[in-house]
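Visitor: The following file, coords00.txt, comprises compact mmCIF, C-alpha atoms:
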```
# COMPACT_ATOMS: atom_id res chain seq x y z
CA MET A 1 196.94 -140.56 62.48
CA LEU A 2 195.26 -143.85 61.58
CA GLY A 3 191.96 -143.73 63.45
CA GLY A 4 188.78 -141.75 63.72
CA SER A 5 188.16 -140.85 60.07
CA SER A 6 184.50 -139.88 59.89
CA LEU A 7 182.88 -141.49 56.89
CA LEU A 8 180.11 -143.60 55.21
CA SER A 9 177.37 -147.83 55.69
CA VAL A 10 176.58 -151.48 54.70
CA SER A 11 173.89 -153.26 52.78
CA ARG A 12 173.42 -156.40 54.86
CA CYS A 13 173.52 -156.77 58.64
CA ARG A 14 173.64 -160.55 59.13
CA MET A 15 176.27 -163.01 57.99
CA THR A 16 173.88 -165.33 56.15
CA GLU A 17 174.05 -167.34 52.95
CA VAL A 18 172.84 -165.16 50.08
CA PRO A 19 173.28 -165.37 46.32
CA ALA A 20 176.54 -163.72 45.30
CA ILE A 21 175.63 -160.63 43.28
CA ASP A 22 178.74 -159.04 41.84
CA MET A 23 177.73 -155.38 41.69
CA SER A 24 180.98 -154.55 39.92
CA ALA A 25 179.67 -156.56 36.95
CA VAL A 26 176.60 -154.35 36.54
CA PRO A 27 176.95 -152.50 33.21
CA ASP A 28 178.29 -148.99 33.76
CA GLY A 29 179.26 -147.74 30.32
CA LYS A 30 181.33 -144.62 29.84
CA LYS A 31 180.76 -141.53 27.74
CA LEU A 32 183.14 -138.78 26.67
CA VAL A 33 181.97 -135.33 27.80
CA ARG A 34 183.52 -131.97 26.99
CA SER A 35 183.32 -129.42 29.81
CA PRO A 36 184.88 -125.94 30.08
CA SER A 37 187.73 -127.60 31.98
CA GLY A 38 188.52 -130.34 29.46
CA LEU A 39 187.48 -133.79 28.26
CA ARG A 40 186.04 -136.12 30.92
CA MET A 41 185.22 -139.82 30.73
CA LEU A 42 182.04 -140.18 32.80
CA PRO A 43 179.69 -143.08 33.62
CA GLU A 44 176.59 -143.10 31.43
CA ASN A 45 174.55 -143.67 34.57
CA GLY A 46 175.23 -141.03 37.22
CA ALA A 47 174.52 -143.62 39.93
CA PHE A 48 177.81 -145.33 39.04
CA PHE A 49 180.14 -142.45 39.86
CA SER A 50 183.10 -143.57 41.95
CA PRO A 51 182.69 -142.52 45.61
CA PHE A 52 186.18 -141.03 45.35
CA SER A 53 185.05 -138.61 42.62
CA LEU A 54 184.87 -134.86 43.07
CA GLU A 55 182.50 -132.54 41.24
CA GLU A 56 183.97 -129.90 38.96
CA PRO A 57 184.16 -126.59 40.84
CA ARG A 58 182.25 -123.47 39.86
CA TRP A 59 184.68 -121.09 38.18
CA VAL A 60 185.06 -117.66 39.73
CA PRO A 61 183.47 -115.35 37.09
CA ASP A 62 185.94 -113.36 34.98
CA ARG A 63 184.28 -110.09 35.99
CA GLU A 64 185.18 -110.81 39.62
CA CYS A 65 188.86 -111.46 38.82
CA ALA A 66 190.79 -108.27 38.22
CA ARG A 67 193.94 -109.72 39.83
CA CYS A 68 195.64 -113.07 40.32
CA MET A 69 194.24 -114.71 43.45
CA GLN A 70 197.73 -115.79 44.52
CA CYS A 71 200.32 -113.14 43.58
CA ASP A 72 197.87 -110.23 43.10
CA THR A 73 199.21 -109.42 39.63
CA LYS A 74 196.76 -107.27 37.70
CA PHE A 75 195.37 -108.85 34.54
CA ASP A 76 195.67 -107.03 31.22
CA PHE A 77 196.02 -107.87 27.52
CA ILE A 78 199.43 -109.46 28.17
CA ARG A 79 198.77 -111.14 31.53
CA ARG A 80 195.85 -113.45 30.87
CA LYS A 81 193.74 -115.09 33.54
CA HIS A 82 193.48 -118.86 33.95
CA HIS A 83 191.16 -120.97 36.11
CA CYS A 84 192.40 -123.86 38.19
CA ARG A 85 190.41 -126.96 37.20
CA ARG A 86 190.39 -128.27 40.76
CA CYS A 87 189.42 -125.22 42.84
CA GLY A 88 187.95 -122.91 40.17
CA ARG A 89 189.88 -119.84 41.34
CA CYS A 90 191.51 -117.39 38.95
CA PHE A 91 195.30 -117.04 38.51
CA CYS A 92 197.96 -115.68 36.21
CA ASP A 93 199.90 -118.09 34.02
CA LYS A 94 202.86 -118.15 36.43
CA CYS A 95 200.68 -119.22 39.36
CA CYS A 96 198.63 -121.72 37.37
CA SER A 97 200.99 -123.20 34.80
CA LYS A 98 201.18 -126.86 35.85
CA LYS A 99 199.11 -129.50 34.10
CA VAL A 100 198.56 -132.44 36.41
CA ALA A 101 196.41 -135.59 36.18
CA LEU A 102 193.11 -135.28 38.05
CA PRO A 103 191.44 -138.72 38.05
CA ARG A 104 189.04 -137.71 40.84
CA MET A 105 187.24 -135.51 38.29
CA CYS A 106 187.57 -138.10 35.50
CA PHE A 107 189.67 -135.91 33.19
CA VAL A 108 191.16 -137.78 30.24
CA ASP A 109 194.33 -135.66 30.12
CA PRO A 110 196.32 -133.65 32.71
CA VAL A 111 194.63 -130.30 33.36
CA ARG A 112 195.78 -126.85 34.47
CA GLN A 113 195.93 -126.45 38.25
CA CYS A 114 197.25 -123.85 40.67
CA SER A 115 200.38 -124.64 42.66
CA GLU A 116 198.43 -125.58 45.81
CA CYS A 117 195.97 -127.88 44.03
CA SER A 118 198.66 -129.49 41.87
CA LEU A 119 200.51 -130.63 45.00
CA VAL A 120 197.33 -132.22 46.37
CA SER A 121 196.62 -133.97 43.06
CA GLN A 122 200.20 -135.27 42.86
CA LYS A 123 199.87 -136.77 46.35
CA GLU A 124 196.60 -138.43 45.39
CA ALA A 125 198.32 -140.03 42.39
CA GLU A 126 199.98 -142.50 44.79
CA PHE A 127 196.54 -143.75 45.85
CA TYR A 128 195.45 -144.34 42.25
CA ASP A 129 198.80 -145.81 41.17
CA LYS A 130 199.44 -148.05 44.19
CA GLN A 131 196.88 -148.27 47.00
CA LEU A 132 193.84 -148.65 44.77
CA LYS A 133 195.42 -151.75 43.24
CA VAL A 134 195.98 -153.17 46.73
CA LEU A 135 192.31 -152.62 47.62
CA LEU A 136 191.14 -154.28 44.39
CA GLY A 137 193.43 -157.24 45.09
CA GLY A 138 191.95 -157.79 48.55
CA GLY A 139 193.11 -159.28 51.83
CA THR A 140 192.06 -162.07 54.19
CA PHE A 141 190.40 -161.13 57.48
CA VAL A 142 188.36 -162.50 60.36
CA VAL A 143 185.01 -160.70 60.16
CA THR A 144 182.50 -160.19 62.99
CA LEU A 145 179.12 -158.51 62.51
CA GLY A 146 177.60 -156.53 65.38
CA THR A 147 178.06 -157.97 68.85
CA SER A 148 177.79 -161.55 67.62
CA GLU A 149 180.30 -164.07 68.93
CA LYS A 150 180.27 -165.73 65.53
CA CYS A 151 183.10 -164.77 63.18
CA GLU A 152 184.10 -165.90 59.72
CA THR A 153 187.31 -165.83 57.70
CA MET A 154 186.62 -163.84 54.56
CA THR A 155 188.39 -162.17 51.66
CA CYS A 156 187.72 -158.44 51.65
CA ARG A 157 188.25 -156.43 48.47
CA LEU A 158 187.08 -153.30 46.72
CA SER A 159 184.78 -153.77 43.73
CA ASN A 160 186.01 -152.80 40.27
CA ASN A 161 183.68 -149.78 40.21
CA HIS A 162 184.98 -148.70 43.66
CA ARG A 163 181.46 -148.54 45.12
CA TYR A 164 181.44 -151.65 47.33
CA LEU A 165 183.52 -153.71 49.68
CA PHE A 166 182.97 -157.37 48.86
CA LEU A 167 183.38 -159.89 51.68
CA ASP A 168 183.54 -163.51 50.57
CA GLY A 169 183.86 -166.69 52.62
CA GLU A 170 181.25 -169.37 53.26
CA SER A 171 178.83 -166.47 52.90
CA HIS A 172 178.91 -163.28 50.85
CA PHE A 173 177.83 -159.71 51.49
CA GLU A 174 178.58 -156.25 50.18
CA VAL A 175 179.39 -153.03 52.01
CA GLU A 176 178.35 -149.95 50.05
CA LEU A 177 180.99 -147.29 50.68
CA SER A 178 178.48 -144.46 50.40
CA ARG A 179 176.65 -145.82 53.46
CA ILE A 180 179.55 -146.06 55.94
CA SER A 181 179.13 -143.58 58.81
CA SER A 182 182.49 -143.98 60.57
CA MET A 183 185.73 -145.91 60.40
CA GLN A 184 188.52 -146.65 62.87
CA ILE A 185 191.78 -148.42 62.16
CA LEU A 186 192.79 -150.90 64.88
CA ILE A 187 196.46 -150.87 65.87
CA GLU A 188 198.18 -154.05 66.98
CA GLY A 189 198.25 -154.21 70.78
CA SER A 190 196.39 -150.90 71.23
CA SER A 191 192.89 -149.54 71.55
CA PRO A 192 191.11 -148.29 68.39
CA GLY A 193 192.86 -145.31 66.84
CA ALA A 194 195.77 -145.28 69.28
CA GLY A 195 199.48 -145.41 68.62
CA THR A 196 201.49 -145.62 65.43
CA GLY A 197 202.08 -149.38 65.23
CA ARG A 198 201.06 -151.80 62.50
CA PRO A 199 197.35 -151.79 61.54
CA SER A 200 195.69 -155.06 62.54
CA GLY A 201 192.02 -154.43 61.76
CA MET A 202 189.26 -151.89 61.40
CA LEU A 203 185.84 -151.04 62.80
CA LEU A 204 183.10 -149.85 60.46
CA HIS A 205 179.89 -148.31 61.74
CA TYR A 206 176.89 -148.07 59.46
CA LYS A 207 173.12 -147.90 59.21
CA PRO A 208 171.61 -150.82 57.30
CA MET A 209 169.08 -149.79 54.68
CA SER A 210 166.30 -151.47 56.65
CA SER A 211 167.09 -149.77 59.97
CA GLN A 212 168.10 -146.46 61.56
CA ASP A 213 170.09 -148.27 64.26
CA VAL A 214 173.86 -148.05 63.92
CA GLN A 215 175.49 -151.43 63.33
CA GLN A 216 179.14 -152.45 63.66
CA LEU A 217 181.42 -154.49 61.42
CA ARG A 218 184.77 -155.63 62.84
CA VAL A 219 187.53 -156.80 60.52
CA GLU A 220 190.76 -158.28 61.94
CA ALA A 221 193.87 -159.65 60.27
CA ALA A 222 193.90 -163.39 59.65
CA ASP A 223 197.11 -165.38 59.02
CA ASP A 224 198.97 -163.04 56.65
CA LYS A 225 199.54 -160.02 58.91
CA LYS A 226 201.70 -158.17 56.39
CA GLU A 227 199.13 -158.45 53.59
CA ALA A 228 196.36 -157.36 55.96
CA SER A 229 198.37 -154.39 57.22
CA THR A 230 199.09 -153.21 53.67
CA TRP A 231 195.41 -153.50 52.72
CA LEU A 232 194.30 -151.62 55.85
CA MET A 233 196.76 -148.79 55.19
CA ALA A 234 195.32 -148.47 51.69
CA MET A 235 191.79 -148.50 53.13
CA HIS A 236 192.73 -145.71 55.52
CA LYS A 237 193.87 -143.58 52.58
CA ALA A 238 190.63 -144.40 50.75
CA ALA A 239 188.66 -143.30 53.82
CA LYS A 240 190.33 -139.90 53.79
CA LEU A 241 189.43 -139.40 50.13
CA LEU A 242 185.86 -140.53 50.78
CA TYR A 243 185.52 -138.07 53.64
CA GLU A 244 186.88 -135.25 51.48
CA ALA A 245 184.47 -136.06 48.65
CA ARG A 246 181.49 -136.18 51.06
CA ASP A 247 182.55 -132.97 52.80
CA GLN A 248 182.67 -131.14 49.48
```
Would you put the structure from the file into structure tokens?
Guide:
Amino acid sequence: MLGGSSLLSVSRCRMTEVPAIDMSAVPDGKKLVRSPSGLRMLPENGAFFSPFSLEEPRWVPDRECARCMQCDTKFDFIRRKHHCRRCGRCFCDKCCSKKVALPRMCFVDPVRQCSECSLVSQKEAEFYDKQLKVLLGGGTFVVTLGTSEKCETMTCRLSNNHRYLFLDGESHFEVELSRISSMQILIEGSSPGAGTGRPSGMLLHYKPMSSQDVQQLRVEAADDKKEASTWLMAMHKAAKLLYEARDQ
């Protein structure tokens, strides 16, 4: 399903000439932090966390784990208990033996995860390996703000720190992902969110920082339909991760 993902808003509500401020260039140094789950490479400034990031879970206390939370094996001196780094639940070695990369929690190395969580993390790897690169590369779209009849051809791309959508044409503005309230993928020849055809655009709804009124941003494919479709599919995947991170 490509439409109706409930999400995040934007920082500017009029398509006007403004100085181009590349927020991805703002210094956001990293620091190495050791947690009970492993080594993590975190931003020095907490305000620069990627919107796709997930917080480390609270581990179920050892005293509350007499048995594996999957196979119900009783723990003893031989059968040790292990905590999944993604969900924090307690398992035996058999049920929590896989070490899988978990970039959404900024771990430096693959970490121990239960079978259920490891499958989720492996699926997310495609986003980080492929779709994220597509979003950073950008696509060309016809952009309309609100109900205005004025539109502009702009390049839309994700910032290097993953916190903004940059739209550049004759003018420039930035969409902060953490402020988007809803997103719909437009399907070629169909109403928003309908059908399974090729994505041709998207609708973002947001509340500008200066107003409580919901505003709309419409983005539609320009000349290169294939490039636009690929970018929109990647954006749809990003929206699902953003919704999951916010829901948690």
Visitor: Check the smallest atom-to-atom distance from each of A:Ser211, A:Ser229, A:Ser178, A:Ser97 to A:Ser53 using all atoms listed in the file, then report the winner.
Guide: A:Ser178
Visitor: Is it possible to get the residues within 12 Å of (185.3, -147.2, 56.2) (coordinates as in the file, counting all atoms listed in the file) written as a short mmCIF file (atom, residue, chain, number, x, y, z; two decimals) with C-alpha atoms, in the frame of the given file?
Guide:
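Okay, out-v1.cif is ready:
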```
data_model
loop_
_atom_site.label_atom_id
_atom_site.label_comp_id
_atom_site.auth_asym_id
_atom_site.auth_seq_id
_atom_site.Cartn_x
_atom_site.Cartn_y
_atom_site.Cartn_z
CA LEU A 2 195.26 -143.85 61.58
CA GLY A 3 191.96 -143.73 63.45
CA GLY A 4 188.78 -141.75 63.72
CA SER A 5 188.16 -140.85 60.07
CA SER A 6 184.50 -139.88 59.89
CA LEU A 7 182.88 -141.49 56.89
CA LEU A 8 180.11 -143.60 55.21
CA SER A 9 177.37 -147.83 55.69
CA VAL A 10 176.58 -151.48 54.70
CA PRO A 51 182.69 -142.52 45.61
CA LEU A 158 187.08 -153.30 46.72
CA ARG A 163 181.46 -148.54 45.12
CA TYR A 164 181.44 -151.65 47.33
CA LEU A 165 183.52 -153.71 49.68
CA VAL A 175 179.39 -153.03 52.01
CA GLU A 176 178.35 -149.95 50.05
CA LEU A 177 180.99 -147.29 50.68
CA SER A 178 178.48 -144.46 50.40
CA ARG A 179 176.65 -145.82 53.46
CA ILE A 180 179.55 -146.06 55.94
CA SER A 181 179.13 -143.58 58.81
CA SER A 182 182.49 -143.98 60.57
CA MET A 183 185.73 -145.91 60.40
CA GLN A 184 188.52 -146.65 62.87
CA ILE A 185 191.78 -148.42 62.16
CA GLY A 201 192.02 -154.43 61.76
CA MET A 202 189.26 -151.89 61.40
CA LEU A 203 185.84 -151.04 62.80
CA LEU A 204 183.10 -149.85 60.46
CA HIS A 205 179.89 -148.31 61.74
CA TYR A 206 176.89 -148.07 59.46
CA GLN A 216 179.14 -152.45 63.66
CA LEU A 217 181.42 -154.49 61.42
CA ARG A 218 184.77 -155.63 62.84
CA VAL A 219 187.53 -156.80 60.52
CA LEU A 232 194.30 -151.62 55.85
CA MET A 233 196.76 -148.79 55.19
CA ALA A 234 195.32 -148.47 51.69
CA MET A 235 191.79 -148.50 53.13
CA HIS A 236 192.73 -145.71 55.52
CA LYS A 237 193.87 -143.58 52.58
CA ALA A 238 190.63 -144.40 50.75
CA ALA A 239 188.66 -143.30 53.82
CA LYS A 240 190.33 -139.90 53.79
CA LEU A 241 189.43 -139.40 50.13
CA LEU A 242 185.86 -140.53 50.78
CA TYR A 243 185.52 -138.07 53.64
#
```
Visitor: Please measure the separation of atom CA of A:Ala245 and atom CA of A:Phe48, giving the value in Å to one decimal.
Guide: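 Value for the atom CA of A:Ala245-atom CA of A:Phe48 distance: 14.9 Å.
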Visitor: Please measure the separation of atom CA of A:Pro103 and atom CA of A:Leu42, giving the value in Å to one decimal.
Guide: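 Atom-to-atom, atom CA of A:Pro103 and atom CA of A:Leu42 are spaced 10.9 Å apart.
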Visitor: What does the distance from atom CA of A:Trp59 to atom CA of A:Leu132 come to in Å, to one decimal?
Guide: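 So the answer is 29.8 Å.
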Visitor: Using only C-alpha atoms, which protein or nucleic acid residues come within 8 Å of A:Glu170? Drop anything in the same chain fewer than 2 positions from it, and give the result as a ChimeraX atom specification.
Guide: /A:17,152,154,168,172
Visitor: Please complete stretch 156-179 of chain A with N, CA, C and O atoms and give it back as a compact mmCIF listing (two decimals), keeping the file's coordinate frame.
Guide:
```txt
# COMPACT_ATOMS: atom_id res chain seq x y z
N CYS A 156 188.32 -159.77 51.76
CA CYS A 156 187.72 -158.44 51.65
C CYS A 156 188.42 -157.68 50.53
O CYS A 156 189.65 -157.56 50.53
N ARG A 157 187.66 -157.17 49.57
CA ARG A 157 188.25 -156.43 48.47
C ARG A 157 187.30 -155.34 47.99
O ARG A 157 186.09 -155.41 48.23
N LEU A 158 187.87 -154.37 47.31
CA LEU A 158 187.08 -153.30 46.72
C LEU A 158 186.58 -153.74 45.35
O LEU A 158 187.31 -154.37 44.59
N SER A 159 185.32 -153.41 45.03
CA SER A 159 184.78 -153.77 43.73
C SER A 159 185.45 -152.97 42.62
O SER A 159 186.04 -151.91 42.86
N ASN A 160 185.35 -153.45 41.40
CA ASN A 160 186.01 -152.80 40.27
C ASN A 160 185.49 -151.39 40.02
O ASN A 160 186.22 -150.54 39.50
N ASN A 161 184.22 -151.13 40.39
CA ASN A 161 183.68 -149.78 40.21
C ASN A 161 183.87 -148.90 41.45
O ASN A 161 183.33 -147.79 41.52
N HIS A 162 184.58 -149.43 42.45
CA HIS A 162 184.98 -148.70 43.66
C HIS A 162 183.81 -148.37 44.58
O HIS A 162 183.99 -147.65 45.57
N ARG A 163 182.65 -148.93 44.35
CA ARG A 163 181.46 -148.54 45.12
C ARG A 163 181.16 -149.47 46.29
O ARG A 163 180.38 -149.13 47.16
N TYR A 164 181.77 -150.66 46.31
CA TYR A 164 181.44 -151.65 47.33
C TYR A 164 182.69 -152.31 47.88
O TYR A 164 183.69 -152.46 47.18
N LEU A 165 182.59 -152.74 49.13
CA LEU A 165 183.52 -153.71 49.68
C LEU A 165 182.84 -155.06 49.59
O LEU A 165 181.72 -155.22 50.07
N PHE A 166 183.49 -156.02 48.94
CA PHE A 166 182.97 -157.37 48.86
C PHE A 166 183.64 -158.21 49.93
O PHE A 166 184.87 -158.22 50.05
N LEU A 167 182.86 -158.96 50.68
CA LEU A 167 183.38 -159.89 51.68
C LEU A 167 182.90 -161.28 51.31
O LEU A 167 181.69 -161.55 51.27
N ASP A 168 183.86 -162.18 51.04
CA ASP A 168 183.54 -163.51 50.57
C ASP A 168 184.20 -164.58 51.42
O ASP A 168 185.41 -164.54 51.67
N GLY A 169 183.39 -165.52 51.88
CA GLY A 169 183.86 -166.69 52.62
C GLY A 169 182.86 -167.79 52.36
O GLY A 169 182.49 -168.04 51.23
N GLU A 170 182.36 -168.43 53.43
CA GLU A 170 181.25 -169.37 53.26
C GLU A 170 180.00 -168.60 52.87
O GLU A 170 179.11 -169.12 52.20
N SER A 171 179.92 -167.34 53.30
CA SER A 171 178.83 -166.47 52.90
C SER A 171 179.39 -165.29 52.13
O SER A 171 180.60 -165.16 51.96
N HIS A 172 178.51 -164.44 51.65
CA HIS A 172 178.91 -163.28 50.85
C HIS A 172 178.03 -162.09 51.20
O HIS A 172 176.81 -162.23 51.33
N PHE A 173 178.63 -160.93 51.39
CA PHE A 173 177.83 -159.71 51.49
C PHE A 173 178.64 -158.53 51.01
O PHE A 173 179.86 -158.63 50.79
N GLU A 174 177.96 -157.42 50.80
CA GLU A 174 178.58 -156.25 50.18
C GLU A 174 178.37 -155.02 51.05
O GLU A 174 177.28 -154.76 51.52
N VAL A 175 179.43 -154.27 51.25
CA VAL A 175 179.39 -153.03 52.01
C VAL A 175 179.43 -151.88 51.01
O VAL A 175 180.40 -151.72 50.28
N GLU A 176 178.37 -151.09 50.95
CA GLU A 176 178.35 -149.95 50.05
C GLU A 176 179.08 -148.79 50.71
O GLU A 176 178.71 -148.31 51.78
N LEU A 177 180.15 -148.31 50.07
CA LEU A 177 180.99 -147.29 50.68
C LEU A 177 180.20 -146.02 51.01
O LEU A 177 180.47 -145.36 52.01
N SER A 178 179.22 -145.69 50.19
CA SER A 178 178.48 -144.46 50.40
C SER A 178 177.57 -144.51 51.62
O SER A 178 176.96 -143.51 51.98
N ARG A 179 177.52 -145.67 52.29
CA ARG A 179 176.65 -145.82 53.46
C ARG A 179 177.43 -146.01 54.76
O ARG A 179 176.84 -146.22 55.81
```
